[in-house]
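These notes concern the structure reproduced below.
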Amino acid sequence: MAKAILKFIRLSPIKARLIAREVQGMNAEYAIASLQFTPNKAAGIISKVIASAVANAGLDPVDAVVVSARVDKGPVLKRFTPRARGSASPKHKPTAHIMIEVAAATKGDK
């Protein structure tokens, strides 16, 4: 089993978890192909992390299965935007940590 971790990515962890749940348990090649056509910022990023985890395992995407896809909350960047009459409103820019684990597929998984 091999893993790849992408930390401090400027992406909402709540939105990324929706995509991560879809690919968990999938064949790596099928997961990358399906994420390619998903119109979401998180889909492209998670696709690259899956490809990295497969490369770390030294496998072909056909022979790998996404065992675990986890998205953890990172630190929040706090910024301010100017408002009327000299006041300011806070803006929270969330970050996420993405961890993907892949393993070699057994004969029943293909």
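By order in the structure tokens, chains are A, B, ...; within a chain, residues start at 1; ligands start at 1, following the order shown.
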DSSP on the backbone, helix (DSSP H, G or I) only: what residues of chain A does that give? Format it as number ranges by chain. A: 13-23, 28-36, 41-57, 61-63, 84-86
Give me, as CSV, each residue of region 39-98 of chain A that comes within 6 Å of region 11-29 of chain A, together with its shortest interatomic pair and the distance in Å at one decimal, counting only C-alpha atoms, with rows ordered by chain and rising residue number.
```
residue,atom,partner,partner_atom,distance
A:Ala42,CA,A:Ala16,CA,5.3
A:Pro61,CA,A:Glu29,CA,4.7
A:Val62,CA,A:Glu29,CA,5.4
A:Ala64,CA,A:Ala28,CA,5.4
A:Val65,CA,A:Asn27,CA,4.4
A:Val66,CA,A:Gly25,CA,5.2
A:Val67,CA,A:Gly25,CA,5.4
A:Ser68,CA,A:Gln24,CA,5.8
A:Ala69,CA,A:Ala20,CA,5.5
A:Val71,CA,A:Arg17,CA,5.8
A:Lys73,CA,A:Pro13,CA,5.7
A:Pro94,CA,A:Ser12,CA,5.4
A:Thr95,CA,A:Leu11,CA,5.2
A:Ala96,CA,A:Pro13,CA,5.2
```
Enumerate, as number ranges by chain, the complete set of residues in chain A that a backbone-based DSSP assignment places in strand (DSSP E). A: 2-9, 64-73, 77-82, 88-93, 96-104
Go ahead and write the residues just picked, N, CA and C atoms, as a CSV table (one decimal), in the first residue's frame.
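After the write, again_34.csv holds the following:
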```csv
chain,number,residue,atom,x,y,z
A,2,ALA,N,0.6,2.2,-0.9
A,2,ALA,CA,1.3,3.4,-1.0
A,2,ALA,C,0.4,4.6,-0.8
A,3,LYS,N,0.9,5.7,-0.4
A,3,LYS,CA,0.0,6.9,-0.3
A,3,LYS,C,0.7,8.2,-0.8
A,4,ALA,N,-0.1,9.2,-1.1
A,4,ALA,CA,0.4,10.5,-1.5
A,4,ALA,C,-0.4,11.5,-0.7
A,5,ILE,N,0.2,12.5,-0.2
A,5,ILE,CA,-0.4,13.6,0.6
A,5,ILE,C,-0.1,14.9,0.0
A,6,LEU,N,-1.2,15.7,-0.2
A,6,LEU,CA,-1.1,17.1,-0.7
A,6,LEU,C,-1.6,18.0,0.5
A,7,LYS,N,-0.7,18.8,1.0
A,7,LYS,CA,-1.1,19.7,2.1
A,7,LYS,C,-1.2,21.1,1.7
A,8,PHE,N,-2.0,21.8,2.5
A,8,PHE,CA,-2.2,23.3,2.4
A,8,PHE,C,-2.7,23.7,1.0
A,9,ILE,N,-3.6,22.9,0.4
A,9,ILE,CA,-4.1,23.3,-0.9
A,9,ILE,C,-5.3,24.3,-0.6
A,64,ALA,N,-4.2,-0.8,-9.8
A,64,ALA,CA,-4.3,-0.2,-8.5
A,64,ALA,C,-5.7,0.1,-8.2
A,65,VAL,N,-6.0,0.1,-6.9
A,65,VAL,CA,-7.3,0.4,-6.3
A,65,VAL,C,-7.2,1.5,-5.3
A,66,VAL,N,-8.0,2.5,-5.3
A,66,VAL,CA,-8.0,3.6,-4.3
A,66,VAL,C,-8.6,3.0,-3.0
A,67,VAL,N,-7.8,2.8,-2.0
A,67,VAL,CA,-8.3,2.2,-0.8
A,67,VAL,C,-8.9,3.2,0.1
A,68,SER,N,-8.2,4.4,0.2
A,68,SER,CA,-8.7,5.4,1.1
A,68,SER,C,-8.5,6.8,0.5
A,69,ALA,N,-9.5,7.6,0.5
A,69,ALA,CA,-9.4,9.0,0.1
A,69,ALA,C,-9.9,9.9,1.2
A,70,ARG,N,-9.0,10.6,1.8
A,70,ARG,CA,-9.3,11.4,3.0
A,70,ARG,C,-9.0,12.9,2.8
A,71,VAL,N,-9.9,13.7,3.2
A,71,VAL,CA,-9.7,15.2,3.1
A,71,VAL,C,-9.8,15.8,4.5
A,72,ASP,N,-8.7,16.3,5.0
A,72,ASP,CA,-8.7,16.9,6.4
A,72,ASP,C,-8.7,18.4,6.2
A,73,LYS,N,-9.1,19.1,7.3
A,73,LYS,CA,-9.2,20.5,7.3
A,73,LYS,C,-7.8,21.1,7.6
A,77,LEU,N,-7.0,30.8,6.2
A,77,LEU,CA,-6.5,32.2,6.0
A,77,LEU,C,-7.5,33.2,6.2
A,78,LYS,N,-7.3,34.1,7.1
A,78,LYS,CA,-8.3,35.1,7.5
A,78,LYS,C,-7.9,36.5,6.8
A,79,ARG,N,-8.8,37.0,6.0
A,79,ARG,CA,-8.5,38.2,5.3
A,79,ARG,C,-9.7,39.1,5.5
A,80,PHE,N,-9.6,40.4,5.1
A,80,PHE,CA,-10.6,41.4,5.3
A,80,PHE,C,-10.9,42.1,4.0
A,81,THR,N,-12.2,42.4,3.7
A,81,THR,CA,-12.6,43.1,2.6
A,81,THR,C,-13.2,44.4,3.0
A,82,PRO,N,-12.8,45.5,2.3
A,82,PRO,CA,-13.3,46.8,2.8
A,82,PRO,C,-14.8,46.9,2.5
A,88,ALA,N,-14.9,46.9,7.8
A,88,ALA,CA,-14.3,45.8,7.0
A,88,ALA,C,-15.1,44.5,7.4
A,89,SER,N,-15.2,43.6,6.5
A,89,SER,CA,-15.9,42.3,6.7
A,89,SER,C,-14.8,41.2,6.6
A,90,PRO,N,-14.9,40.2,7.5
A,90,PRO,CA,-13.9,39.1,7.4
A,90,PRO,C,-14.2,38.2,6.2
A,91,LYS,N,-13.2,37.6,5.7
A,91,LYS,CA,-13.3,36.6,4.7
A,91,LYS,C,-12.4,35.4,5.1
A,92,HIS,N,-13.0,34.2,5.1
A,92,HIS,CA,-12.2,33.1,5.5
A,92,HIS,C,-11.9,32.2,4.3
A,93,LYS,N,-10.6,32.0,4.1
A,93,LYS,CA,-10.2,31.2,2.9
A,93,LYS,C,-9.7,29.9,3.4
A,96,ALA,N,-7.0,22.7,2.7
A,96,ALA,CA,-7.3,21.3,3.0
A,96,ALA,C,-6.0,20.5,2.8
A,97,HIS,N,-6.0,19.3,3.5
A,97,HIS,CA,-5.0,18.3,3.3
A,97,HIS,C,-5.6,17.1,2.7
A,98,ILE,N,-5.1,16.7,1.6
A,98,ILE,CA,-5.7,15.5,0.8
A,98,ILE,C,-4.7,14.3,0.9
A,99,MET,N,-5.3,13.2,1.4
A,99,MET,CA,-4.5,12.0,1.5
A,99,MET,C,-5.1,10.8,0.8
A,100,ILE,N,-4.4,10.2,-0.2
A,100,ILE,CA,-4.9,9.1,-1.0
A,100,ILE,C,-4.0,7.9,-0.7
A,101,GLU,N,-4.6,6.8,-0.5
A,101,GLU,CA,-3.9,5.5,-0.3
A,101,GLU,C,-4.4,4.5,-1.4
A,102,VAL,N,-3.4,3.9,-2.1
A,102,VAL,CA,-3.7,3.0,-3.2
A,102,VAL,C,-3.0,1.6,-2.8
A,103,ALA,N,-3.6,0.6,-3.3
A,103,ALA,CA,-3.0,-0.8,-3.1
A,103,ALA,C,-3.2,-1.5,-4.4
A,104,ALA,N,-2.4,-2.6,-4.5
A,104,ALA,CA,-2.5,-3.5,-5.7
A,104,ALA,C,-3.9,-4.1,-5.7
```
